[in-house]
Structure formats: C-alpha cells, structure tokens
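Engineer: Below is a structure I'd like to ask you about.
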Amino acid sequence: MRIRFLIVVIAVLALLTPPPAAAQSTIELVVGDIDAFWAQQFANAGLSYASPGVRSIDGPMSTSCGPIDPYVSPGAYCAADLTVYFSTAWGPNDPSAEILWWTVLSHEWGHHIQWQADTGVTTVLEAEQQADCFAGAYMGHAADAGLVSPAAVTQAMQLTQAAGDVWFFLPHDAPAHGTKSERALAFMTGMNGDVTDCGFGG
Ligand SMILES: [Zn+2]
C-alpha cells in the first residue's frame with residue numbers, strides 16, 4: 001500500500017512538472033478521475049451516465065444560468081448547459097488552489113449527478129448537502145487511490161465546512177448550503193462511506 005502510494009505520488013509529481021503546466025495537469029487529473037469515479041458508480045447501479053461539460057473561468061462571464069464571477073465563486077454547476085464551471089482566477093502558482101479544485105470540482109460534479117439520476121433530493125438545501133456528501137465520497141476514494149493525502153482530504157472537508165452558507169454559487173438558486181456543522185457532517189458521511197450513503201442508487 002505504502003509503496004503503491006509512493007509510486008502514485010512520483011507519477012503525480014512527474015505529471016505536475018514543469019510548474020506552468022502544473023495547474024492544468026492537476027485539473028485534468030481531477031476531472032478525469034471524478035468522471036471515471038462517477039461512471040463506475042452509475043455502472044454499479046445499472047444506470048447510464050453522461051459526463052458534464054467542464055469549463056474553467058479566469059474572469060467574469062455569462063453562462064446559460066446567468067453571470068458568474070470567478071473571484072467571488074470558486075465553482076458553479078449550470079443545469080441549463082450541463083456544465084461544471086470552476087475558477088482559475090487564483091492563479092496556477094497558488095498552492096492552495098490545488099485542493100480547492102479537488103473540493104470545488106467534486107462538489108459541483110455532485111450537482112451534475114443530481115441531474116443525471118433521481119437521487120431523492122427535493123430542496124436546494126438537501127441538494128447542497130448531498131453534493132457535499134458526494135464530494136466526501138469522492139475524496140475518500142481519491143485518498144484510497146493515493147491521488148491525494150489523507151491530510152488533503154481533511155483540508156477539503158475544512159474548506160467545505162468553512163464555506164458555511166456562502167461559499168459555493170449556483171446561478172439558479174439562492175445560496176443555501178447549510179451551516180458549517182451540517183456541511184462538515186455531510187462531507188464526512190460520504191468520506192466515511194460511499195455514494196449510496198449519500199442517497200445515490202438507493
Ligand atoms: Zn452546491
């Protein structure tokens with residue numbers, strides 16, 4: 001396990017050089033792995049899966065769901081164009097940006113899942129907490145696969161928790177992500193279990 005982890009770390013480090021390409025490589029790694037993770041979950045549940053569009057934003061722009069400002073919103077999911085948007089406005093040399101991408105992409109991907117399958121949520125708050133739970137389930141998987149360290153998963157949980165009610169942005173919804181403790185609990189439910197514990201495929 002430890003040797004496999006080291007090999008993966010070395011492989012990931014190789015992917016991450018040289019520095020200017022690091023950000024893009026990390027994002028490609030995260031996007032590819034989240035997509036593969038969900039394709040597997042859908043296959044396990046006997047459901048068909050379609051990948052979302054993924055678009056980086058480095059300045060304010062308009063989407064099918066309305067305007068988005070990457071300096072305000074680290075990510076968003078727009079159901080009207082089935083696209084995950086994520087901010088690269090922090091710049092490729094900001095080390096905190098990397099875990100932010102894992103956190104944001106895994107959460108926003110969760111909203112795409114809610115448009116791909118009936119996951120049992122009926123309110124915006126339930127959808128947000130389920131997206132946090134899906135993000136936790138994915139991050140647990142990424143740690144098991146050696147793609148991120150357990151410390152990074154804890155950091156993702158703390159970022160989610162710190163976000164409280166204001167952090168993520170859905171163009172078509174008022175912010176309603178739950179309290180800090182609710183968000184942390186939702187994330188940990190997924191992290192310590194799997195997507196079925198979040199209500200997927202049940
Ligand atoms: Zn959300």
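Labels used: A, B, ... for chains in the order of the structure tokens, numbers from 1 for residues in each chain, and numbers from 1 for ligands as shown.
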Using only C-alpha atoms and all ligand atoms, find each protein or nucleic acid residue lying at most 8 Å from ligand 1; present the set as a PyMOL selection string.
Structural biologist: chain A and resi 76-77+107-108+110-111+127-129+131-132+168-170+177
Engineer: Skip Phe134 in chain A itself and residues of its chain fewer than 5 positions away, then list as a VMD selection string all residues within 9 Å of it, counting only C-alpha atoms.
Structural biologist: chain A and resid 106 to 107 109 to 110 129 139 186 to 187 189 to 191 194 to 195 198 200
Engineer: Can you pull out every residue within 7 Å of range 28-40 of chain A, counting only C-alpha atoms, but drop anything in the same chain fewer than 5 positions away, and send it as a list in words?
Structural biologist: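 Surrounding residues, per the criterion: Tyr49, Ser51, Trp102 and Ser106 of chain A.
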Engineer: Which is closer to Ser48 in chain A than all the others in A:Gly146, A:Ile113, A:Arg183, A:Gln155, using only C-alpha atoms?
Structural biologist: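 Checking each candidate against Ser48 in chain A, we get A:Ile113 as the closest.
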Engineer: Looking only at helix (DSSP H, G or I) from DSSP on the backbone, list the matching residues of range 109-154 of chain A as a PyMOL selection string.
Structural biologist: chain A and resi 109-116+124-144+150-154
Engineer: Only N, CA and C atoms, please: the residues just picked out, written as a short mmCIF file (atom, residue, chain, number, x, y, z; two decimals), in the first residue's frame.
Structural biologist:
```cif
data_model
loop_
_atom_site.label_atom_id
_atom_site.label_comp_id
_atom_site.auth_asym_id
_atom_site.auth_seq_id
_atom_site.Cartn_x
_atom_site.Cartn_y
_atom_site.Cartn_z
N TRP A 109 -19.62 18.61 -9.35
CA TRP A 109 -19.94 17.37 -10.08
C TRP A 109 -21.15 16.70 -9.46
N GLY A 110 -21.26 16.82 -8.14
CA GLY A 110 -22.39 16.24 -7.43
C GLY A 110 -23.71 16.80 -7.93
N HIS A 111 -23.73 18.09 -8.26
CA HIS A 111 -24.97 18.68 -8.79
C HIS A 111 -25.28 18.11 -10.18
N HIS A 112 -24.24 17.84 -10.97
CA HIS A 112 -24.47 17.20 -12.27
C HIS A 112 -25.10 15.82 -12.07
N ILE A 113 -24.61 15.10 -11.08
CA ILE A 113 -25.15 13.77 -10.79
C ILE A 113 -26.64 13.86 -10.49
N GLN A 114 -27.02 14.92 -9.76
CA GLN A 114 -28.43 15.09 -9.40
C GLN A 114 -29.31 15.34 -10.62
N TRP A 115 -28.71 15.78 -11.71
CA TRP A 115 -29.46 15.98 -12.95
C TRP A 115 -29.39 14.75 -13.86
N GLN A 116 -28.55 13.79 -13.49
CA GLN A 116 -28.40 12.58 -14.29
C GLN A 116 -29.23 11.42 -13.75
N VAL A 124 -33.31 22.69 -2.20
CA VAL A 124 -31.97 23.17 -2.51
C VAL A 124 -30.99 22.78 -1.41
N LEU A 125 -31.45 22.91 -0.17
CA LEU A 125 -30.57 22.56 0.96
C LEU A 125 -30.19 21.08 0.91
N GLU A 126 -31.17 20.22 0.63
CA GLU A 126 -30.86 18.79 0.52
C GLU A 126 -29.88 18.53 -0.62
N ALA A 127 -30.08 19.26 -1.73
CA ALA A 127 -29.18 19.07 -2.89
C ALA A 127 -27.76 19.50 -2.54
N GLU A 128 -27.65 20.60 -1.80
CA GLU A 128 -26.31 21.08 -1.43
C GLU A 128 -25.61 20.11 -0.48
N GLN A 129 -26.36 19.62 0.48
CA GLN A 129 -25.72 18.72 1.44
C GLN A 129 -25.39 17.39 0.78
N GLN A 130 -26.22 16.96 -0.15
CA GLN A 130 -25.88 15.74 -0.87
C GLN A 130 -24.64 15.96 -1.74
N ALA A 131 -24.50 17.15 -2.34
CA ALA A 131 -23.30 17.44 -3.14
C ALA A 131 -22.06 17.42 -2.24
N ASP A 132 -22.18 17.92 -1.02
CA ASP A 132 -21.06 17.83 -0.07
C ASP A 132 -20.75 16.37 0.25
N CYS A 133 -21.80 15.57 0.42
CA CYS A 133 -21.63 14.15 0.73
C CYS A 133 -20.96 13.43 -0.45
N PHE A 134 -21.42 13.71 -1.66
CA PHE A 134 -20.79 13.12 -2.86
C PHE A 134 -19.32 13.53 -2.93
N ALA A 135 -19.04 14.81 -2.61
CA ALA A 135 -17.65 15.27 -2.64
C ALA A 135 -16.81 14.50 -1.62
N GLY A 136 -17.39 14.27 -0.45
CA GLY A 136 -16.67 13.49 0.57
C GLY A 136 -16.42 12.07 0.12
N ALA A 137 -17.42 11.45 -0.51
CA ALA A 137 -17.27 10.08 -1.01
C ALA A 137 -16.17 10.03 -2.06
N TYR A 138 -16.19 11.01 -2.95
CA TYR A 138 -15.15 11.04 -3.98
C TYR A 138 -13.76 11.26 -3.36
N MET A 139 -13.65 12.20 -2.43
CA MET A 139 -12.35 12.48 -1.84
C MET A 139 -11.82 11.28 -1.05
N GLY A 140 -12.73 10.53 -0.42
CA GLY A 140 -12.32 9.29 0.25
C GLY A 140 -11.73 8.31 -0.75
N HIS A 141 -12.39 8.21 -1.90
CA HIS A 141 -11.89 7.35 -2.98
C HIS A 141 -10.52 7.83 -3.45
N ALA A 142 -10.38 9.15 -3.65
CA ALA A 142 -9.11 9.69 -4.16
C ALA A 142 -7.97 9.41 -3.18
N ALA A 143 -8.29 9.46 -1.88
CA ALA A 143 -7.26 9.15 -0.88
C ALA A 143 -6.92 7.67 -0.92
N ASP A 144 -7.95 6.80 -1.03
CA ASP A 144 -7.70 5.36 -1.11
C ASP A 144 -6.84 5.02 -2.33
N PRO A 150 -4.34 11.84 2.99
CA PRO A 150 -5.41 11.98 3.98
C PRO A 150 -5.49 13.42 4.51
N ALA A 151 -4.34 14.08 4.63
CA ALA A 151 -4.34 15.47 5.11
C ALA A 151 -5.07 16.39 4.13
N ALA A 152 -4.93 16.10 2.83
CA ALA A 152 -5.61 16.92 1.82
C ALA A 152 -7.12 16.71 1.91
N VAL A 153 -7.53 15.47 2.22
CA VAL A 153 -8.97 15.21 2.36
C VAL A 153 -9.52 15.99 3.56
N THR A 154 -8.77 16.01 4.63
CA THR A 154 -9.17 16.80 5.80
C THR A 154 -9.28 18.27 5.44
#
```
Engineer: Give the strand (DSSP E or B) residues of range 8-192 of chain A, as DSSP finds them on the backbone, and put them as a list in words.
Structural biologist: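 Answer for range 8-192 of chain A restricted to strand (DSSP E or B) is Gly53, Val54, Arg55, Ser56, Ile57, Met61, Ser62, Thr63, Gly66, Pro67, Ile68, Gly75, Ala76, Tyr77, Cys78, Thr83, Val84, Tyr85, Phe86 and Ser87 of chain A.
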Engineer: State, in Å with one decimal place, the distance from CA of Thr103 in chain A to CA of Leu47 in chain A.
Structural biologist: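 Separation of CA of Thr103 in chain A and CA of Leu47 in chain A: 25.1 Å.
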Engineer: As an exercise, work out the distance from CA of Pro70 in chain A to CA of Leu105 in chain A in Å and give it to one decimal place.
Structural biologist: 13.6 Å
Engineer: Here is a test: counting only C-alpha atoms, which residue of A:Thr196, A:Thr123, A:Gln24, A:Asn44 is nearest to Ser56 in chain A?
Structural biologist: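 Going through A:Thr196, A:Thr123, A:Gln24, A:Asn44 one by one, the smallest distance to Ser56 in chain A is for A:Gln24.
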